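For reference, model-v4.pdb (PDB, C-alpha atoms):
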ATOM      1  CA  LYS A 916      10.657 -17.230 -32.403  1.00  0.00           C
ATOM      2  CA  ALA A 917       9.453 -20.803 -31.946  1.00  0.00           C
ATOM      3  CA  GLY A 918       5.992 -19.942 -33.263  1.00  0.00           C
ATOM      4  CA  TYR A 919       4.053 -20.055 -29.992  1.00  0.00           C
ATOM      5  CA  TYR A 920       1.617 -17.409 -28.763  1.00  0.00           C
ATOM      6  CA  LEU A 921       1.743 -16.306 -25.139  1.00  0.00           C
ATOM      7  CA  LEU A 922      -1.561 -15.854 -23.316  1.00  0.00           C
ATOM      8  CA  LEU A 923      -1.294 -14.011 -19.984  1.00  0.00           C
ATOM      9  CA  ALA A 924      -4.061 -15.071 -17.621  1.00  0.00           C
ATOM     10  CA  GLY A 925      -4.875 -14.302 -13.990  1.00  0.00           C
ATOM     11  CA  TYR A 926      -5.901 -16.975 -11.523  1.00  0.00           C
ATOM     12  CA  ASP A 927      -7.123 -16.594  -7.943  1.00  0.00           C
ATOM     13  CA  ALA A 928      -4.637 -18.858  -6.158  1.00  0.00           C
ATOM     14  CA  THR A 929      -5.937 -17.746  -2.757  1.00  0.00           C
ATOM     15  CA  SER A 930      -9.316 -19.437  -3.202  1.00  0.00           C
ATOM     16  CA  SER A 931      -9.661 -23.170  -2.733  1.00  0.00           C
ATOM     17  CA  ASP A 932     -12.882 -23.007  -4.788  1.00  0.00           C
ATOM     18  CA  ALA A 933     -11.355 -21.337  -7.851  1.00  0.00           C
ATOM     19  CA  GLU A 934     -12.064 -23.508 -10.883  1.00  0.00           C
ATOM     20  CA  VAL A 935      -9.523 -24.429 -13.511  1.00  0.00           C
ATOM     21  CA  PRO A 936     -10.408 -22.291 -16.567  1.00  0.00           C
ATOM     22  CA  GLY A 937     -12.448 -24.145 -19.141  1.00  0.00           C
ATOM     23  CA  PHE A 938     -10.025 -23.659 -22.033  1.00  0.00           C
ATOM     24  CA  LEU A 939      -7.363 -25.465 -19.970  1.00  0.00           C
ATOM     25  CA  ARG A 940      -9.657 -28.356 -19.102  1.00  0.00           C
ATOM     26  CA  GLN A 941     -10.454 -28.696 -22.766  1.00  0.00           C
ATOM     27  CA  GLY A 942      -6.779 -28.948 -23.732  1.00  0.00           C
ATOM     28  CA  LYS A 943      -6.734 -25.801 -25.863  1.00  0.00           C
ATOM     29  CA  VAL A 944      -3.210 -24.739 -24.864  1.00  0.00           C
ATOM     30  CA  ASP A 945       0.100 -26.478 -25.597  1.00  0.00           C
ATOM     31  CA  GLY A 946       1.681 -25.727 -22.212  1.00  0.00           C
ATOM     32  CA  LEU A 947       1.338 -23.836 -18.929  1.00  0.00           C
ATOM     33  CA  ILE A 948       3.803 -21.601 -17.076  1.00  0.00           C
ATOM     34  CA  PHE A 949       3.022 -20.701 -13.465  1.00  0.00           C
ATOM     35  CA  LEU A 950       4.760 -17.431 -12.619  1.00  0.00           C
ATOM     36  CA  GLY A 951       5.644 -16.959  -8.950  1.00  0.00           C
ATOM     37  CA  ALA A 952       4.313 -18.613  -5.829  1.00  0.00           C
ATOM     38  CA  PHE A 953       1.238 -20.834  -5.998  1.00  0.00           C
ATOM     39  CA  PRO A 954      -0.079 -23.000  -3.136  1.00  0.00           C
ATOM     40  CA  SER A 955       0.869 -26.641  -3.652  1.00  0.00           C
ATOM     41  CA  LYS A 956      -2.801 -27.693  -3.709  1.00  0.00           C
ATOM     42  CA  ILE A 957      -3.374 -25.396  -6.704  1.00  0.00           C
ATOM     43  CA  ILE A 958      -0.353 -26.771  -8.545  1.00  0.00           C
ATOM     44  CA  HIS A 959      -1.561 -30.299  -7.798  1.00  0.00           C
ATOM     45  CA  ARG A 960      -4.971 -29.423  -9.233  1.00  0.00           C
ATOM     46  CA  PHE A 961      -3.389 -28.419 -12.564  1.00  0.00           C
ATOM     47  CA  CYS A 962      -1.073 -31.438 -12.594  1.00  0.00           C
ATOM     48  CA  LYS A 963      -4.143 -33.661 -13.002  1.00  0.00           C
ATOM     49  CA  PHE A 964      -4.355 -32.536 -16.621  1.00  0.00           C
ATOM     50  CA  ASP A 965      -2.086 -33.750 -19.404  1.00  0.00           C
ATOM     51  CA  THR A 966      -0.983 -30.222 -20.343  1.00  0.00           C
ATOM     52  CA  PRO A 967       2.802 -29.710 -19.877  1.00  0.00           C
ATOM     53  CA  LEU A 968       3.560 -27.458 -16.893  1.00  0.00           C
ATOM     54  CA  VAL A 969       6.588 -25.412 -15.781  1.00  0.00           C
ATOM     55  CA  LEU A 970       6.963 -23.526 -12.498  1.00  0.00           C
ATOM     56  CA  LEU A 971       8.781 -20.247 -13.117  1.00  0.00           C
ATOM     57  CA  ASP A 972      10.363 -18.715  -9.990  1.00  0.00           C
ATOM     58  CA  SER A 973       8.840 -21.447  -7.800  1.00  0.00           C
ATOM     59  CA  ASN A 974       9.233 -25.128  -7.008  1.00  0.00           C
ATOM     60  CA  VAL A 975       7.595 -28.177  -5.410  1.00  0.00           C
ATOM     61  CA  GLU A 976       9.106 -31.473  -4.331  1.00  0.00           C
ATOM     62  CA  TRP A 977       7.139 -33.547  -6.845  1.00  0.00           C
ATOM     63  CA  PRO A 978       8.238 -34.255 -10.432  1.00  0.00           C
ATOM     64  CA  VAL A 979       7.347 -30.926 -12.074  1.00  0.00           C
ATOM     65  CA  ASP A 980       9.786 -28.860 -14.171  1.00  0.00           C
ATOM     66  CA  SER A 981      10.882 -25.683 -12.369  1.00  0.00           C
ATOM     67  CA  VAL A 982      13.418 -22.860 -12.424  1.00  0.00           C
ATOM     68  CA  VAL A 983      14.295 -20.686  -9.412  1.00  0.00           C
ATOM     69  CA  SER A 984      17.026 -18.318  -8.282  1.00  0.00           C
ATOM     70  CA  ASP A 985      19.519 -19.688  -5.761  1.00  0.00           C
ATOM     71  CA  GLY A 986      18.059 -18.014  -2.677  1.00  0.00           C
ATOM     72  CA  PHE A 987      19.852 -20.415  -0.353  1.00  0.00           C
ATOM     73  CA  SER A 988      23.389 -19.536  -1.455  1.00  0.00           C
ATOM     74  CA  ALA A 989      22.429 -15.877  -1.801  1.00  0.00           C
ATOM     75  CA  GLU A 990      21.435 -15.555   1.857  1.00  0.00           C
ATOM     76  CA  VAL A 991      24.502 -17.476   3.032  1.00  0.00           C
ATOM     77  CA  ASP A 992      26.590 -14.875   1.174  1.00  0.00           C
ATOM     78  CA  VAL A 993      24.569 -11.941   2.583  1.00  0.00           C
ATOM     79  CA  VAL A 994      25.090 -13.177   6.145  1.00  0.00           C
ATOM     80  CA  ALA A 995      28.836 -13.556   5.468  1.00  0.00           C
ATOM     81  CA  HIS A 996      29.001 -10.008   4.061  1.00  0.00           C
ATOM     82  CA  LEU A 997      27.231  -8.538   7.076  1.00  0.00           C
ATOM     83  CA  HIS A 998      29.412 -10.577   9.421  1.00  0.00           C
ATOM     84  CA  ALA A 999      32.535  -9.139   7.759  1.00  0.00           C
ATOM     85  CA  LEU A1000      31.186  -5.662   8.566  1.00  0.00           C
ATOM     86  CA  GLY A1001      30.939  -6.527  12.239  1.00  0.00           C
ATOM     87  CA  HIS A1002      27.269  -7.519  12.441  1.00  0.00           C
ATOM     88  CA  ARG A1003      26.609 -10.291  14.944  1.00  0.00           C
ATOM     89  CA  ARG A1004      22.844  -9.977  15.469  1.00  0.00           C
ATOM     90  CA  ILE A1005      21.040 -10.257  12.128  1.00  0.00           C
ATOM     91  CA  GLN A1006      17.249 -10.411  11.786  1.00  0.00           C
ATOM     92  CA  PHE A1007      15.405 -12.028   8.865  1.00  0.00           C
ATOM     93  CA  LEU A1008      11.940 -10.793   7.837  1.00  0.00           C
ATOM     94  CA  ALA A1009       9.541 -12.817   5.660  1.00  0.00           C
ATOM     95  CA  TYR A1010       5.850 -13.330   4.960  1.00  0.00           C
ATOM     96  CA  ASN A1011       3.779 -16.082   6.524  1.00  0.00           C
ATOM     97  CA  MET A1012       2.808 -17.811   3.295  1.00  0.00           C
ATOM     98  CA  GLU A1013       3.514 -21.019   1.413  1.00  0.00           C
ATOM     99  CA  ASP A1014       6.359 -20.099  -0.922  1.00  0.00           C
ATOM    100  CA  SER A1015       9.341 -22.253  -1.858  1.00  0.00           C
ATOM    101  CA  ASN A1016      11.486 -19.147  -2.470  1.00  0.00           C
ATOM    102  CA  ILE A1017      10.849 -17.903   1.076  1.00  0.00           C
ATOM    103  CA  ASP A1018      11.706 -21.361   2.396  1.00  0.00           C
ATOM    104  CA  LEU A1019      15.001 -21.410   0.468  1.00  0.00           C
ATOM    105  CA  ARG A1020      16.016 -17.944   1.653  1.00  0.00           C
ATOM    106  CA  VAL A1021      15.183 -18.684   5.284  1.00  0.00           C
ATOM    107  CA  GLN A1022      17.162 -21.945   5.091  1.00  0.00           C
ATOM    108  CA  GLY A1023      20.130 -20.105   3.579  1.00  0.00           C
ATOM    109  CA  PHE A1024      19.972 -17.448   6.283  1.00  0.00           C
ATOM    110  CA  LEU A1025      19.945 -20.048   9.068  1.00  0.00           C
ATOM    111  CA  ALA A1026      22.784 -21.962   7.419  1.00  0.00           C
ATOM    112  CA  GLY A1027      24.793 -18.737   7.204  1.00  0.00           C
ATOM    113  CA  LEU A1028      24.277 -18.055  10.919  1.00  0.00           C
ATOM    114  CA  GLN A1029      25.308 -21.610  11.792  1.00  0.00           C
ATOM    115  CA  GLN A1030      28.437 -21.546   9.633  1.00  0.00           C
ATOM    116  CA  LEU A1031      29.659 -18.386  11.360  1.00  0.00           C
ATOM    117  CA  GLY A1032      28.552 -19.353  14.852  1.00  0.00           C
ATOM    118  CA  LEU A1033      26.175 -16.418  15.120  1.00  0.00           C
ATOM    119  CA  PRO A1034      23.496 -16.498  17.837  1.00  0.00           C
ATOM    120  CA  GLY A1035      19.750 -16.721  17.571  1.00  0.00           C
ATOM    121  CA  GLY A1036      18.992 -19.343  14.948  1.00  0.00           C
ATOM    122  CA  LYS A1037      15.272 -19.541  14.235  1.00  0.00           C
ATOM    123  CA  ASN A1038      14.655 -16.858  16.867  1.00  0.00           C
ATOM    124  CA  MET A1039      16.197 -14.406  14.407  1.00  0.00           C
ATOM    125  CA  VAL A1040      13.463 -15.115  11.819  1.00  0.00           C
ATOM    126  CA  ILE A1041      10.165 -13.193  11.862  1.00  0.00           C
ATOM    127  CA  ARG A1042       7.714 -15.110   9.662  1.00  0.00           C
ATOM    128  CA  GLU A1043       4.477 -15.159  11.636  1.00  0.00           C
ATOM    129  CA  PHE A1044       2.716 -12.351   9.765  1.00  0.00           C
ATOM    130  CA  LEU A1045       1.499 -11.379   6.309  1.00  0.00           C
ATOM    131  CA  SER A1046       0.942  -7.607   6.547  1.00  0.00           C
ATOM    132  CA  HIS A1047       3.722  -5.011   6.550  1.00  0.00           C
ATOM    133  CA  ASP A1048       2.162  -3.418   9.631  1.00  0.00           C
ATOM    134  CA  ASP A1049       2.447  -6.609  11.662  1.00  0.00           C
ATOM    135  CA  ILE A1050       5.945  -7.442  10.419  1.00  0.00           C
ATOM    136  CA  TYR A1051       7.205  -3.961  11.261  1.00  0.00           C
ATOM    137  CA  ALA A1052       5.571  -4.038  14.689  1.00  0.00           C
ATOM    138  CA  ALA A1053       7.386  -7.312  15.429  1.00  0.00           C
ATOM    139  CA  LEU A1054      10.686  -5.815  14.264  1.00  0.00           C
ATOM    140  CA  ARG A1055      10.224  -2.703  16.420  1.00  0.00           C
ATOM    141  CA  LYS A1056       9.615  -4.946  19.418  1.00  0.00           C
ATOM    142  CA  ARG A1057      12.943  -6.668  18.751  1.00  0.00           C
ATOM    143  CA  LEU A1058      14.697  -3.333  18.323  1.00  0.00           C
ATOM    144  CA  ARG A1059      13.421  -2.153  21.707  1.00  0.00           C
ATOM    145  CA  GLY A1060      14.423  -5.374  23.460  1.00  0.00           C
ATOM    146  CA  ALA A1061      17.714  -6.604  24.838  1.00  0.00           C
ATOM    147  CA  ASN A1062      20.461  -7.325  22.277  1.00  0.00           C
ATOM    148  CA  PRO A1063      18.626  -5.770  19.298  1.00  0.00           C
ATOM    149  CA  PRO A1064      19.693  -6.640  15.738  1.00  0.00           C
ATOM    150  CA  THR A1065      22.163  -4.382  13.955  1.00  0.00           C
ATOM    151  CA  ALA A1066      21.159  -5.633  10.500  1.00  0.00           C
ATOM    152  CA  VAL A1067      17.957  -6.812   8.836  1.00  0.00           C
ATOM    153  CA  ILE A1068      17.571  -9.042   5.793  1.00  0.00           C
ATOM    154  CA  ALA A1069      14.163  -8.803   4.111  1.00  0.00           C
ATOM    155  CA  VAL A1070      12.842 -11.612   1.938  1.00  0.00           C
ATOM    156  CA  ASN A1071      12.329  -9.197  -0.982  1.00  0.00           C
ATOM    157  CA  ASP A1072      12.873  -5.564  -1.997  1.00  0.00           C
ATOM    158  CA  THR A1073       9.234  -4.597  -1.471  1.00  0.00           C
ATOM    159  CA  LEU A1074       9.410  -5.530   2.199  1.00  0.00           C
ATOM    160  CA  ALA A1075      12.889  -4.014   2.602  1.00  0.00           C
ATOM    161  CA  MET A1076      11.791  -0.631   1.234  1.00  0.00           C
ATOM    162  CA  GLU A1077       8.664  -0.657   3.396  1.00  0.00           C
ATOM    163  CA  ILE A1078      10.847  -1.238   6.447  1.00  0.00           C
ATOM    164  CA  ILE A1079      13.252   1.577   5.475  1.00  0.00           C
ATOM    165  CA  SER A1080      10.340   3.988   5.051  1.00  0.00           C
ATOM    166  CA  ARG A1081       8.816   3.099   8.419  1.00  0.00           C
ATOM    167  CA  LEU A1082      12.162   3.253  10.200  1.00  0.00           C
ATOM    168  CA  ALA A1083      12.701   6.752   8.797  1.00  0.00           C
ATOM    169  CA  SER A1084       9.289   7.828  10.136  1.00  0.00           C
ATOM    170  CA  ASP A1085      10.368   6.571  13.574  1.00  0.00           C
ATOM    171  CA  GLY A1086      13.669   8.429  13.405  1.00  0.00           C
ATOM    172  CA  ILE A1087      15.868   5.344  12.957  1.00  0.00           C
ATOM    173  CA  ARG A1088      18.655   6.000  10.464  1.00  0.00           C
ATOM    174  CA  VAL A1089      19.620   3.461   7.789  1.00  0.00           C
ATOM    175  CA  PRO A1090      22.443   2.387   7.639  1.00  0.00           C
ATOM    176  CA  GLU A1091      23.925   4.354  10.569  1.00  0.00           C
ATOM    177  CA  GLN A1092      21.755   2.597  13.142  1.00  0.00           C
ATOM    178  CA  LEU A1093      20.474  -0.397  11.195  1.00  0.00           C
ATOM    179  CA  SER A1094      21.625  -2.001   7.937  1.00  0.00           C
ATOM    180  CA  ILE A1095      18.978  -3.329   5.524  1.00  0.00           C
ATOM    181  CA  VAL A1096      19.281  -5.878   2.677  1.00  0.00           C
ATOM    182  CA  GLY A1097      16.585  -6.908   0.180  1.00  0.00           C
ATOM    183  CA  TYR A1098      16.218  -9.492  -2.591  1.00  0.00           C
ATOM    184  CA  ASP A1099      15.311  -9.251  -6.321  1.00  0.00           C
ATOM    185  CA  ASP A1100      16.915  -5.905  -7.309  1.00  0.00           C
ATOM    186  CA  HIS A1101      13.677  -4.632  -8.824  1.00  0.00           C
ATOM    187  CA  GLU A1102      13.557  -1.260 -10.563  1.00  0.00           C
ATOM    188  CA  GLY A1103      12.898   0.914  -7.505  1.00  0.00           C
ATOM    189  CA  SER A1104      15.587  -0.537  -5.242  1.00  0.00           C
ATOM    190  CA  ALA A1105      18.396   1.673  -6.569  1.00  0.00           C
ATOM    191  CA  ASN A1106      16.281   4.821  -6.286  1.00  0.00           C
ATOM    192  CA  CYS A1107      15.045   4.626  -2.697  1.00  0.00           C
ATOM    193  CA  ASN A1108      16.774   6.586   0.067  1.00  0.00           C
ATOM    194  CA  PRO A1109      19.216   5.148   0.890  1.00  0.00           C
ATOM    195  CA  ALA A1110      19.725   2.996  -2.191  1.00  0.00           C
ATOM    196  CA  LEU A1111      18.983  -0.614  -1.265  1.00  0.00           C
ATOM    197  CA  SER A1112      21.646  -3.300  -1.015  1.00  0.00           C
ATOM    198  CA  THR A1113      20.043  -6.399  -2.468  1.00  0.00           C
ATOM    199  CA  VAL A1114      20.401  -9.729  -4.245  1.00  0.00           C
ATOM    200  CA  ARG A1115      20.113  -9.373  -8.012  1.00  0.00           C
ATOM    201  CA  VAL A1116      18.121 -11.988  -9.912  1.00  0.00           C
ATOM    202  CA  ASN A1117      18.670 -12.183 -13.659  1.00  0.00           C
ATOM    203  CA  LYS A1118      14.997 -12.069 -14.642  1.00  0.00           C
ATOM    204  CA  VAL A1119      15.711 -12.243 -18.375  1.00  0.00           C
ATOM    205  CA  GLN A1120      17.683 -15.455 -17.883  1.00  0.00           C
ATOM    206  CA  LEU A1121      14.924 -16.786 -15.599  1.00  0.00           C
ATOM    207  CA  GLY A1122      12.361 -16.223 -18.366  1.00  0.00           C
ATOM    208  CA  GLN A1123      14.569 -17.670 -21.086  1.00  0.00           C
ATOM    209  CA  VAL A1124      15.270 -20.857 -19.139  1.00  0.00           C
ATOM    210  CA  GLY A1125      11.566 -21.211 -18.354  1.00  0.00           C
ATOM    211  CA  ALA A1126      10.625 -20.755 -22.014  1.00  0.00           C
ATOM    212  CA  GLU A1127      13.127 -23.398 -23.123  1.00  0.00           C
ATOM    213  CA  MET A1128      11.833 -25.728 -20.417  1.00  0.00           C
ATOM    214  CA  ILE A1129       8.195 -25.560 -21.467  1.00  0.00           C
ATOM    215  CA  MET A1130       9.048 -25.968 -25.154  1.00  0.00           C
ATOM    216  CA  ASN A1131      11.220 -29.003 -24.393  1.00  0.00           C
ATOM    217  CA  ARG A1132       8.452 -30.491 -22.249  1.00  0.00           C
ATOM    218  CA  ILE A1133       5.927 -29.988 -25.065  1.00  0.00           C
ATOM    219  CA  LYS A1134       8.252 -31.702 -27.552  1.00  0.00           C
ATOM    220  CA  SER A1135       9.298 -34.494 -25.183  1.00  0.00           C
ATOM    221  CA  PRO A1136       6.536 -35.087 -22.616  1.00  0.00           C
ATOM    222  CA  ASP A1137       8.205 -38.239 -21.224  1.00  0.00           C
ATOM    223  CA  SER A1138      11.708 -36.789 -20.776  1.00  0.00           C
ATOM    224  CA  PRO A1139      13.242 -36.562 -17.249  1.00  0.00           C
ATOM    225  CA  VAL A1140      12.004 -33.745 -15.033  1.00  0.00           C
ATOM    226  CA  VAL A1141      14.324 -30.733 -14.901  1.00  0.00           C
ATOM    227  CA  LYS A1142      14.763 -28.517 -11.844  1.00  0.00           C
ATOM    228  CA  SER A1143      17.075 -25.590 -12.570  1.00  0.00           C
ATOM    229  CA  THR A1144      18.641 -23.211 -10.037  1.00  0.00           C
ATOM    230  CA  LEU A1145      20.147 -19.961 -11.340  1.00  0.00           C
ATOM    231  CA  PRO A1146      22.989 -18.056  -9.639  1.00  0.00           C
ATOM    232  CA  THR A1147      22.440 -14.605  -8.104  1.00  0.00           C
ATOM    233  CA  GLU A1148      24.597 -11.533  -7.479  1.00  0.00           C
ATOM    234  CA  PHE A1149      24.877  -9.499  -4.275  1.00  0.00           C
ATOM    235  CA  VAL A1150      24.670  -5.746  -5.003  1.00  0.00           C
ATOM    236  CA  THR A1151      26.046  -3.437  -2.307  1.00  0.00           C
ATOM    237  CA  ARG A1152      24.503   0.027  -2.048  1.00  0.00           C
ATOM    238  CA  GLY A1153      23.908   2.639   0.622  1.00  0.00           C
ATOM    239  CA  SER A1154      21.612   0.721   2.973  1.00  0.00           C
ATOM    240  CA  VAL A1155      24.448  -1.340   4.479  1.00  0.00           C
ATOM    241  CA  ALA A1156      27.335  -0.150   6.647  1.00  0.00           C
ATOM    242  CA  ALA A1157      29.566  -1.417   9.435  1.00  0.00           C
ATOM    243  CA  ALA A1158      27.714  -2.455  12.574  1.00  0.00           C
ATOM    244  CA  ALA A1159      26.775   0.416  14.865  1.00  0.00           C
ATOM    245  CA  LYS A1160      28.747   0.497  18.096  1.00  0.00           C
TER     246      LYS A1160
END
What would you get if you wrote out this structure as structure tokens?
Amino acid sequence: KAGYYLLLAGYDATSSDAEVPGFLRQGKVDGLIFLGAFPSKIIHRFCKFDTPLVLLDSNVEWPVDSVVSDGFSAEVDVVAHLHALGHRRIQFLAYNMEDSNIDLRVQGFLAGLQQLGLPGGKNMVIREFLSHDDIYAALRKRLRGANPPTAVIAVNDTLAMEIISRLASDGIRVPEQLSIVGYDDHEGSANCNPALSTVRVNKVQLGQVGAEMIMNRIKSPDSPVVKSTLPTEFVTRGSVAAAAK
């Protein structure tokens, strides 16, 4: 509606040698939107240019416009919900990668444990691995140990549904034996078995706020930096139940 054209472009953020595309170096775009997690060194590389930049669904501590969902408050609320159902040992699963959203959600989880006086602290976070195989193996080790968790919070729906599938293959029933919560509420979360309890992110609002941000930055390059945090909604479905006795 504002008369801009949107060019979708891929970029290998995993390679430290990946070059900034030539058309960006030459100033042939009005603004840049980074969608999702990018390593800070990559973001810093693009900040060297004069092209306006917005981080959509990500953030850094430096003065760069950004919009994210409120993962901190969301996980505090999830912990409180599980606690109300009798869960006292809650495990958090995340990927071992640089991602401000993961950081926020882990911080919210730990704050939720602390507020309710629940045990474990950082010991209840598994974030040493990147592959689903390794993350699940670490969870199974916890489940076989003393004082196993009765609920698991995954950093996103993809990981949560992977865990549910692998638990089913091992004969562990969700939610009768273990409650599972995800994050994002993507399209498949309501259709898995059992349907996934999750944190809903308003992706349309996320995109709209990001679009307004980049257009405002283009029009007013010297205006104050804006960092926006959008509220979330906890959606209860069949993957969560009262703590198993």
Care to translate the PyMOL selection byres ((chain A and resi 969-979) around 10) into actual residues of this file, as a PDB file with C-alpha atoms, keeping the file's coordinate frame?
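Dumped to expr33.pdb:
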ATOM      1  CA  GLY A 946       1.681 -25.727 -22.212  1.00  0.00           C
ATOM      2  CA  LEU A 947       1.338 -23.836 -18.929  1.00  0.00           C
ATOM      3  CA  ILE A 948       3.803 -21.601 -17.076  1.00  0.00           C
ATOM      4  CA  PHE A 949       3.022 -20.701 -13.465  1.00  0.00           C
ATOM      5  CA  LEU A 950       4.760 -17.431 -12.619  1.00  0.00           C
ATOM      6  CA  GLY A 951       5.644 -16.959  -8.950  1.00  0.00           C
ATOM      7  CA  ALA A 952       4.313 -18.613  -5.829  1.00  0.00           C
ATOM      8  CA  PHE A 953       1.238 -20.834  -5.998  1.00  0.00           C
ATOM      9  CA  PRO A 954      -0.079 -23.000  -3.136  1.00  0.00           C
ATOM     10  CA  SER A 955       0.869 -26.641  -3.652  1.00  0.00           C
ATOM     11  CA  ILE A 958      -0.353 -26.771  -8.545  1.00  0.00           C
ATOM     12  CA  HIS A 959      -1.561 -30.299  -7.798  1.00  0.00           C
ATOM     13  CA  CYS A 962      -1.073 -31.438 -12.594  1.00  0.00           C
ATOM     14  CA  PRO A 967       2.802 -29.710 -19.877  1.00  0.00           C
ATOM     15  CA  LEU A 968       3.560 -27.458 -16.893  1.00  0.00           C
ATOM     16  CA  ASP A 980       9.786 -28.860 -14.171  1.00  0.00           C
ATOM     17  CA  SER A 981      10.882 -25.683 -12.369  1.00  0.00           C
ATOM     18  CA  VAL A 982      13.418 -22.860 -12.424  1.00  0.00           C
ATOM     19  CA  VAL A 983      14.295 -20.686  -9.412  1.00  0.00           C
ATOM     20  CA  SER A 984      17.026 -18.318  -8.282  1.00  0.00           C
ATOM     21  CA  ASP A1014       6.359 -20.099  -0.922  1.00  0.00           C
ATOM     22  CA  SER A1015       9.341 -22.253  -1.858  1.00  0.00           C
ATOM     23  CA  ASN A1016      11.486 -19.147  -2.470  1.00  0.00           C
ATOM     24  CA  ILE A1017      10.849 -17.903   1.076  1.00  0.00           C
ATOM     25  CA  LYS A1118      14.997 -12.069 -14.642  1.00  0.00           C
ATOM     26  CA  LEU A1121      14.924 -16.786 -15.599  1.00  0.00           C
ATOM     27  CA  GLY A1122      12.361 -16.223 -18.366  1.00  0.00           C
ATOM     28  CA  VAL A1124      15.270 -20.857 -19.139  1.00  0.00           C
ATOM     29  CA  GLY A1125      11.566 -21.211 -18.354  1.00  0.00           C
ATOM     30  CA  ALA A1126      10.625 -20.755 -22.014  1.00  0.00           C
ATOM     31  CA  MET A1128      11.833 -25.728 -20.417  1.00  0.00           C
ATOM     32  CA  ILE A1129       8.195 -25.560 -21.467  1.00  0.00           C
ATOM     33  CA  MET A1130       9.048 -25.968 -25.154  1.00  0.00           C
ATOM     34  CA  ARG A1132       8.452 -30.491 -22.249  1.00  0.00           C
ATOM     35  CA  PRO A1139      13.242 -36.562 -17.249  1.00  0.00           C
ATOM     36  CA  VAL A1140      12.004 -33.745 -15.033  1.00  0.00           C
ATOM     37  CA  VAL A1141      14.324 -30.733 -14.901  1.00  0.00           C
ATOM     38  CA  LYS A1142      14.763 -28.517 -11.844  1.00  0.00           C
ATOM     39  CA  SER A1143      17.075 -25.590 -12.570  1.00  0.00           C
ATOM     40  CA  THR A1144      18.641 -23.211 -10.037  1.00  0.00           C
ATOM     41  CA  LEU A1145      20.147 -19.961 -11.340  1.00  0.00           C
TER      42      LEU A1145
END
Shell of 9 Å around Leu1093 of chain A, all atoms listed in the file, local chain residues under 5 positions omitted, as a short mmCIF file (atom, residue, chain, number, x, y, z; two decimals) with C-alpha atoms, keeping the file's coordinate frame:
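Result file follows (selection38.cif):
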data_model
loop_
_atom_site.label_atom_id
_atom_site.label_comp_id
_atom_site.auth_asym_id
_atom_site.auth_seq_id
_atom_site.Cartn_x
_atom_site.Cartn_y
_atom_site.Cartn_z
CA PRO A 1064 19.69 -6.64 15.74
CA THR A 1065 22.16 -4.38 13.96
CA ALA A 1066 21.16 -5.63 10.50
CA VAL A 1067 17.96 -6.81 8.84
CA ILE A 1087 15.87 5.34 12.96
CA ARG A 1088 18.66 6.00 10.46
CA SER A 1154 21.61 0.72 2.97
CA VAL A 1155 24.45 -1.34 4.48
CA ALA A 1156 27.34 -0.15 6.65
CA ALA A 1158 27.71 -2.46 12.57
CA ALA A 1159 26.78 0.42 14.86
#
message: Given the PyMOL selection byres ((chain A and resi 993) around 10) and the file above, list the residues it selects as a PyMOL selection string.
response: chain A and resi 988-992+994-999+1023-1024+1027+1068+1096-1097+1112-1114+1149-1151
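Distance-wise, atom CA of Asp945 of chain A and atom CA of Val1116 of chain A end up 27.9 Å apart.
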field: Expansion of the PyMOL selection byres ((chain A and resi 932-944) around 10) into residues, as a VMD selection string
entry: chain A and resid 920 to 922 924 926 to 931 945 to 947 957 960 to 961 963 to 967
- request: Kindly indicate which residue among A:Arg1059, A:His1047, A:Tyr1098, A:Arg1004 lies nearest to Ser1080 of chain A, using only C-alpha atoms for the distances.
  value: A:His1047
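Take atom CA of Gly1001 of chain A and atom CA of Leu1058 of chain A: the distance between them is 17.6 Å.
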task: Tell me which of A:Glu1102, A:Gln1022, A:Asn1011, A:Gly1060 sits closest to Ile1041 of chain A, counting all atoms listed in the file.
output: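 So, comparing all the options, the nearest one is A:Asn1011.
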query: Quick one: of A:Ser1046, A:Thr1147, A:Gln1006, A:Asn1038, who's nearest to Gln1120 of chain A, counting all atoms listed in the file?
result: A:Thr1147
- request: Figure out the distance between atom CA of Asp1018 of chain A and atom CA of Asn1062 of chain A, please, to one decimal in Å.
  value: 25.9 Å
